[in-house]
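A.B. asks: One structure is given below, represented as structure tokens, and several questions about it will come after.
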Amino acid sequence: MHRFRFCVTGANLLFDYTSTSYRAALPVKEGETLNFTFSNYGPLYFTPSLTHPVLGSYDNPFELKTGANSVPAEAGEYWYSVVPETTGFFTIQSENALPQGNVELFMGKTAYASATSATGSYNLRYEIAYVSGYTYYVKVNKAEATAEPDVFEFALEGYKPGEKADNPLIVETVPSEYTIPVQSTYYLKVSVPEGTEGFLVAEVAGGAKSEETYLNVYPGSESWYGVRGTSIVKYAVQSPNDYMIECRNREEGPLTLNVYYAAIEPGDVITSPLKAVLGENTISGKGTKYYTYKATKDAKVLLTAPENITVSFTTSVDEYPLLDNYKNGTVNTLYATANTTYYIKLEGVADADVFTIAEADYVAGDTKALAIAVENGVYTFGNEVPVNLWVKYTVSKSGKLTISSDVPCDYQSVTMTYWRETSSRGNTMISYDDNYNMYFAETFDVNEGENIYVNIVSKNGSSYVGNVITFEESELAPGESPLTAIDGTSEAVNVPATGYDKSYWVMVTAAAEGKIVIKANNPVSGYVYIGLDKALEGDGYLYFGTQYNEADGYVAEVPVVQTGSYYFKFSYTYSDAVVTFEGDAVATAISEVEANTIGAAEAIYDVRGIKHTAADMKKGLYIIKKNGKTQKVVVK
């Protein structure tokens, strides 16, 4: 349904589009004058008519009264309206059932969707914000007729103590017990007296059944420093101090919250951990427990724990978890170093839970250093479960490399990233087909002899027997990559339109500090990288975008902070452009390559990635690697 607005007597009137016309309705009084203001690009045909809608319909709703309200006995759709005069909870309750029906609350008559609803009953509760004069609407869909009209009670309940963080329920004595209503969040304040030591504990009696039930115990108003959980939370208190308990009830009914103090036992805090041993370890207590384990050798430490337990590792009491560990099913794998002591944090434990620890030697594929070499461009999975698997591909020639895999792309269960030799982090391999389905694939520029690594991490315990990862090399077109950048140092360059999803590369040699001035006959924009290595890594860029002036056309300036090769990546350019590079920093093309430059070169390539020697160099653009750095030269 399409909608648009007109103005009537100073207010906006929303028109709904049916299959033949736009329609709107508004209540009127006898003798009232209405002034309609229409604004449109074409002619409109306006046909007003006076109707008398049935009471209880969308155009003539019942008045929603505080207290008892009646719903006709007949099946049908019935509307009610009310203008709240305060904030609080919009509440409807009834002893009558509503089989096959529902109640919906709309934040205004023109709302596209209901703010909340109840199915099968009239019972509905929703927190609203007060807006002066704002009308709320309730729609009752009654699917079955009844012998007598249904009755429901409406109330706009103000906030009670505990329903807002700034008006918490005061806990007078500890221990104590509280009932938290269903589908509500309550805040409790505990003032811990001086001399009190140990934990302040908030516990759901009998344990929470819903994963959405939430507990947070925190000092003062600093909820971000809290300890969170579902069934039980312990916070080591410092007295005297005030603490808050936030309890969100998402159980099927009211829950009982117990608040009490508990002594700190060994294993309760990270500064007083228990010692874990190889083999079985039996847990005493519930909630969160801390252990230490000292690895006997460089190995994989395998910790197997029940599904209800969340496991993390750290090497210090700051509790920042180590990233070099993986979970697959109930097995948590830590890549450990010999004689290093690790802290183990176990969350959500139950009394008498058991976890086991084992050590396993590293094998091929476990780490980047032990990556499995890919033969003939294809890695085929065997029976291994790739909890954390590394494979390595060595590039045969400079150009483009496409990595793809037919492993099912469920990003919650399995991930693939590619790494360069010096990468400090992986690059996610995600692409989309025409139907926006994800699959593992990525294409990027590579150098001859470069090692590219792929890291596969699986969390679902699956093997991928027969699935493959494919590495495919291809040529680079001129301007497609920093490796084949067009030299714009001494002559104009025809830059094609890139659109939003392509790029075009131009290299300019800066011989002095100053600036490079870009001039074009159409708008151009993009990014600048200093040096080939930075351009290939996509690291350390500057943005450029032209501005128009009558004297020079479209112009942009790039500051030159060091001499060398500047790589211009043209992106988001929607018209072909002739681009020149001027300015006091721009070098001129050289007529020959000095003998000492060539003599010291480690390797020489042309723009196609073909290797050359000094003897066979002809006119053109070359990439020279010298002293571990890469530069471009033009031979004329």
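Quick note on naming: the chains in the structure tokens go A, B, ... in the order shown, residues restart at 1 in each chain, and ligands are numbered from 1 in order of appearance.
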Near region 418-430 of chain A, counting only C-alpha atoms, which residues have an atom at most 12 Å away, once you skip same-chain residues fewer than 3 positions from it, shown as a count of residues only?
C.D. replies: 52
A.B. asks: Find the nearest atom pair between each residue of region 162-245 of chain A and region 334-348 of chain A for residues within 9 Å, count only C-alpha atoms, give distances in Å to one decimal, sort rows by chain and ascending number, and present the table as a tab-separated table.
C.D. replies:
```
residue	atom	partner	partner_atom	distance
A:Gly229	CA	A:Gly348	CA	7.7
A:Thr230	CA	A:Gly348	CA	8.2
A:Ser231	CA	A:Gly348	CA	8.1
A:Ile232	CA	A:Gly348	CA	8.1
```
A.B. asks: As a VMD selection string, which residues of region 248-429 of chain A does DSSP assign to strand (DSSP E or B)?
C.D. replies: chain A and resid 248 to 249 255 to 262 274 to 275 279 to 282 287 to 294 299 to 304 310 to 314 325 to 328 331 to 336 341 to 349 354 to 360 372 to 373 375 378 to 380 389 to 394 399 to 405 414 to 420 427 to 428
A.B. asks: One decimal, in Å: what's the spacing between CA of Pro386 (chain A) and CA of Leu303 (chain A)?
C.D. replies: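 Spanning CA of Pro386 (chain A) to CA of Leu303 (chain A) is a straight-line distance of 16.8 Å.
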A.B. asks: Can you work out which one of A:Tyr134, A:Ser463, A:Ala155, A:Tyr566 has the shortest atom-to-atom distance to Pro482 (chain A), counting only C-alpha atoms?
C.D. replies: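 Between A:Tyr134, A:Ser463, A:Ala155, A:Tyr566, the residue approaching Pro482 (chain A) most closely is A:Tyr566.
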A.B. asks: For a quick check of understanding, using only C-alpha atoms, which of A:Val528, A:Val237, A:Ala360, A:Leu257 has the smallest distance to Ala205 (chain A)?
C.D. replies: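 Checking each candidate against Ala205 (chain A), we get A:Leu257 as the closest.
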A.B. asks: Restricting the calculation to only C-alpha atoms: of A:Glu491, A:Thr33, A:Leu274, A:Tyr137, which residue gets closest to Glu63 (chain A)?
C.D. replies: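 Smallest separation from Glu63 (chain A) among the options: A:Tyr137.
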A.B. asks: At what distance in Å, to one decimal, does CA of Ser316 (chain A) lie from CA of Tyr235 (chain A)?
C.D. replies: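 Rounded to one decimal, the two atoms are 19.4 Å apart.
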A.B. asks: Residues of region 394-610 of chain A classed as alpha helix (DSSP H) by DSSP on the backbone are to be reported as an mmCIF file with N, CA, C and O atoms, in the first residue's frame.
C.D. replies:
```
data_model
loop_
_atom_site.group_PDB
_atom_site.id
_atom_site.type_symbol
_atom_site.label_atom_id
_atom_site.label_comp_id
_atom_site.auth_asym_id
_atom_site.auth_seq_id
_atom_site.Cartn_x
_atom_site.Cartn_y
_atom_site.Cartn_z
ATOM 1 N N LEU A 532 54.796 1.032 -3.574
ATOM 2 C CA LEU A 532 54.079 -0.129 -4.092
ATOM 3 C C LEU A 532 53.592 -1.035 -2.981
ATOM 4 O O LEU A 532 52.469 -1.553 -3.033
ATOM 5 N N ASP A 533 54.405 -1.243 -1.958
ATOM 6 C CA ASP A 533 54.012 -2.141 -0.879
ATOM 7 C C ASP A 533 52.749 -1.648 -0.183
ATOM 8 O O ASP A 533 51.836 -2.433 0.105
ATOM 9 N N LYS A 534 52.689 -0.341 0.086
ATOM 10 C CA LYS A 534 51.498 0.218 0.725
ATOM 11 C C LYS A 534 50.280 0.080 -0.185
ATOM 12 O O LYS A 534 49.166 -0.192 0.276
ATOM 13 N N ALA A 535 50.482 0.286 -1.476
ATOM 14 C CA ALA A 535 49.372 0.173 -2.417
ATOM 15 C C ALA A 535 48.833 -1.254 -2.465
ATOM 16 O O ALA A 535 47.616 -1.479 -2.492
ATOM 17 N N LEU A 536 49.737 -2.237 -2.463
ATOM 18 C CA LEU A 536 49.293 -3.634 -2.500
ATOM 19 C C LEU A 536 48.564 -4.034 -1.225
ATOM 20 O O LEU A 536 47.603 -4.803 -1.259
ATOM 21 N N GLU A 537 49.019 -3.516 -0.097
ATOM 22 C CA GLU A 537 48.394 -3.852 1.180
ATOM 23 C C GLU A 537 47.146 -3.013 1.449
ATOM 24 O O GLU A 537 46.368 -3.321 2.341
ATOM 25 N N ALA A 595 73.345 2.588 -14.799
ATOM 26 C CA ALA A 595 73.934 1.260 -14.668
ATOM 27 C C ALA A 595 73.968 0.798 -13.219
ATOM 28 O O ALA A 595 73.735 -0.374 -12.923
ATOM 29 N N ASN A 596 74.272 1.751 -12.289
ATOM 30 C CA ASN A 596 74.360 1.311 -10.893
ATOM 31 C C ASN A 596 72.996 0.915 -10.331
ATOM 32 O O ASN A 596 72.887 0.091 -9.438
ATOM 33 N N THR A 597 71.908 1.519 -10.850
ATOM 34 C CA THR A 597 70.553 1.135 -10.418
ATOM 35 C C THR A 597 70.241 -0.282 -10.866
ATOM 36 O O THR A 597 69.762 -1.115 -10.098
ATOM 37 N N ILE A 598 70.535 -0.550 -12.132
ATOM 38 C CA ILE A 598 70.276 -1.880 -12.663
ATOM 39 C C ILE A 598 71.184 -2.909 -12.011
ATOM 40 O O ILE A 598 70.776 -4.008 -11.651
ATOM 41 N N GLY A 599 72.428 -2.517 -11.810
ATOM 42 C CA GLY A 599 73.374 -3.461 -11.242
ATOM 43 C C GLY A 599 72.995 -3.884 -9.837
ATOM 44 O O GLY A 599 73.269 -5.007 -9.422
ATOM 45 N N ALA A 600 72.371 -2.979 -9.095
ATOM 46 C CA ALA A 600 71.993 -3.295 -7.717
ATOM 47 C C ALA A 600 70.599 -3.904 -7.615
ATOM 48 O O ALA A 600 70.158 -4.274 -6.531
#
```
A.B. asks: Find the distance between CA of Glu473 (chain A) and CA of Phe570 (chain A) and write it in Å to one decimal.
C.D. replies: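 One can read the CA of Glu473 (chain A) to CA of Phe570 (chain A) distance as 23.9 Å.
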A.B. asks: Listing only residues of region 137-177 of chain A within 8 Å of region 100-121 of chain A, what is the closest atom pair and its distance in Å (to one decimal) for each, using only C-alpha atoms, sorted by chain and residue number ascending, as CSV?
C.D. replies:
```
residue,atom,partner,partner_atom,distance
A:Tyr137,CA,A:Phe106,CA,5.1
A:Val138,CA,A:Leu105,CA,4.7
A:Lys139,CA,A:Glu104,CA,5.2
A:Val140,CA,A:Val103,CA,4.7
A:Asn141,CA,A:Gly101,CA,5.2
A:Lys142,CA,A:Gly101,CA,5.1
A:Ala143,CA,A:Gly101,CA,5.1
A:Glu144,CA,A:Gln100,CA,7.5
```
A.B. asks: Could you save the residues just selected, with all heavy atoms, as an mmCIF file, in the first residue's frame?
C.D. replies:
```
data_model
loop_
_atom_site.group_PDB
_atom_site.id
_atom_site.type_symbol
_atom_site.label_atom_id
_atom_site.label_comp_id
_atom_site.auth_asym_id
_atom_site.auth_seq_id
_atom_site.Cartn_x
_atom_site.Cartn_y
_atom_site.Cartn_z
ATOM 1 N N TYR A 137 -3.866 3.508 19.660
ATOM 2 C CA TYR A 137 -4.991 2.714 19.161
ATOM 3 C C TYR A 137 -4.788 1.242 19.509
ATOM 4 O O TYR A 137 -3.676 0.716 19.429
ATOM 5 C CB TYR A 137 -5.133 2.862 17.647
ATOM 6 C CG TYR A 137 -5.632 4.232 17.229
ATOM 7 C CD1 TYR A 137 -4.754 5.306 17.148
ATOM 8 C CD2 TYR A 137 -6.978 4.455 16.961
ATOM 9 C CE1 TYR A 137 -5.195 6.566 16.789
ATOM 10 C CE2 TYR A 137 -7.437 5.712 16.601
ATOM 11 C CZ TYR A 137 -6.543 6.772 16.520
ATOM 12 O OH TYR A 137 -6.998 8.008 16.172
ATOM 13 N N VAL A 138 -5.883 0.593 19.876
ATOM 14 C CA VAL A 138 -5.882 -0.843 20.161
ATOM 15 C C VAL A 138 -6.849 -1.509 19.192
ATOM 16 O O VAL A 138 -7.992 -1.055 19.014
ATOM 17 C CB VAL A 138 -6.313 -1.129 21.618
ATOM 18 C CG1 VAL A 138 -6.511 -2.634 21.834
ATOM 19 C CG2 VAL A 138 -5.283 -0.591 22.584
ATOM 20 N N LYS A 139 -6.365 -2.581 18.557
ATOM 21 C CA LYS A 139 -7.219 -3.359 17.658
ATOM 22 C C LYS A 139 -7.419 -4.747 18.256
ATOM 23 O O LYS A 139 -6.442 -5.433 18.579
ATOM 24 C CB LYS A 139 -6.610 -3.476 16.265
ATOM 25 C CG LYS A 139 -7.487 -4.281 15.290
ATOM 26 C CD LYS A 139 -6.957 -4.244 13.873
ATOM 27 C CE LYS A 139 -5.693 -5.043 13.714
ATOM 28 N NZ LYS A 139 -5.319 -5.189 12.277
ATOM 29 N N VAL A 140 -8.670 -5.147 18.400
ATOM 30 C CA VAL A 140 -9.017 -6.481 18.879
ATOM 31 C C VAL A 140 -9.530 -7.295 17.699
ATOM 32 O O VAL A 140 -10.524 -6.919 17.062
ATOM 33 C CB VAL A 140 -10.085 -6.429 19.992
ATOM 34 C CG1 VAL A 140 -10.508 -7.843 20.388
ATOM 35 C CG2 VAL A 140 -9.572 -5.659 21.190
ATOM 36 N N ASN A 141 -8.816 -8.377 17.393
ATOM 37 C CA ASN A 141 -9.271 -9.304 16.356
ATOM 38 C C ASN A 141 -9.951 -10.480 17.055
ATOM 39 O O ASN A 141 -9.295 -11.359 17.612
ATOM 40 C CB ASN A 141 -8.085 -9.809 15.530
ATOM 41 C CG ASN A 141 -7.436 -8.699 14.732
ATOM 42 O OD1 ASN A 141 -8.041 -8.138 13.840
ATOM 43 N ND2 ASN A 141 -6.194 -8.368 15.087
ATOM 44 N N LYS A 142 -11.272 -10.478 17.046
ATOM 45 C CA LYS A 142 -12.044 -11.521 17.722
ATOM 46 C C LYS A 142 -12.492 -12.541 16.686
ATOM 47 O O LYS A 142 -13.330 -12.244 15.823
ATOM 48 C CB LYS A 142 -13.248 -10.906 18.445
ATOM 49 C CG LYS A 142 -14.012 -11.870 19.327
ATOM 50 C CD LYS A 142 -15.066 -11.150 20.156
ATOM 51 C CE LYS A 142 -15.776 -12.126 21.076
ATOM 52 N NZ LYS A 142 -16.805 -11.446 21.906
ATOM 53 N N ALA A 143 -11.902 -13.738 16.761
ATOM 54 C CA ALA A 143 -12.148 -14.751 15.723
ATOM 55 C C ALA A 143 -13.404 -15.556 15.975
ATOM 56 O O ALA A 143 -14.026 -16.075 15.036
ATOM 57 C CB ALA A 143 -10.941 -15.690 15.630
ATOM 58 N N GLU A 144 -13.838 -15.688 17.246
ATOM 59 C CA GLU A 144 -14.989 -16.518 17.577
ATOM 60 C C GLU A 144 -16.002 -15.704 18.367
ATOM 61 O O GLU A 144 -15.629 -14.942 19.265
ATOM 62 C CB GLU A 144 -14.556 -17.740 18.392
ATOM 63 C CG GLU A 144 -13.593 -18.658 17.650
ATOM 64 C CD GLU A 144 -13.178 -19.848 18.491
ATOM 65 O OE1 GLU A 144 -13.689 -19.971 19.642
ATOM 66 O OE2 GLU A 144 -12.348 -20.649 18.023
#
```
A.B. asks: Select, from A:Asn467, A:Ser221, A:Thr563, A:Ser481, the residue with the minimum atom-to-atom distance to Ala510 (chain A), counting only C-alpha atoms.
C.D. replies: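 So, comparing all the options, the nearest one is A:Thr563.
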A.B. asks: At a cut-off of 7 Å, using only C-alpha atoms, what residues contact region 492-501 of chain A? Leave out same-chain residues fewer than 2 positions from it and give the result as a list in words.
C.D. replies: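 The neighbour list is Gly488, Ser503, Tyr504, Ser571, Tyr572, Thr573, Tyr574, Ser575, Asp576, Ala577, Val578, Val579 and Thr580 of chain A.
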A.B. asks: Let's have the selection written as a PDB file, in the first residue's frame, with C-alpha atoms.
C.D. replies:
```pdb
ATOM      1  CA  GLY A 488      51.316   9.484 -15.325  1.00  0.00           C
ATOM      2  CA  SER A 503      39.282   0.917  -9.718  1.00  0.00           C
ATOM      3  CA  TYR A 504      42.003   2.199 -12.041  1.00  0.00           C
ATOM      4  CA  SER A 571      37.378   4.949  -7.582  1.00  0.00           C
ATOM      5  CA  TYR A 572      33.762   6.129  -7.712  1.00  0.00           C
ATOM      6  CA  THR A 573      34.453   7.898 -11.021  1.00  0.00           C
ATOM      7  CA  TYR A 574      31.408   7.862 -13.302  1.00  0.00           C
ATOM      8  CA  SER A 575      32.736   9.468 -16.497  1.00  0.00           C
ATOM      9  CA  ASP A 576      35.854   8.864 -18.589  1.00  0.00           C
ATOM     10  CA  ALA A 577      38.421  11.554 -17.827  1.00  0.00           C
ATOM     11  CA  VAL A 578      41.711  12.845 -19.220  1.00  0.00           C
ATOM     12  CA  VAL A 579      43.941  13.388 -16.169  1.00  0.00           C
ATOM     13  CA  THR A 580      47.315  15.159 -15.873  1.00  0.00           C
TER      14      THR A 580
END
```
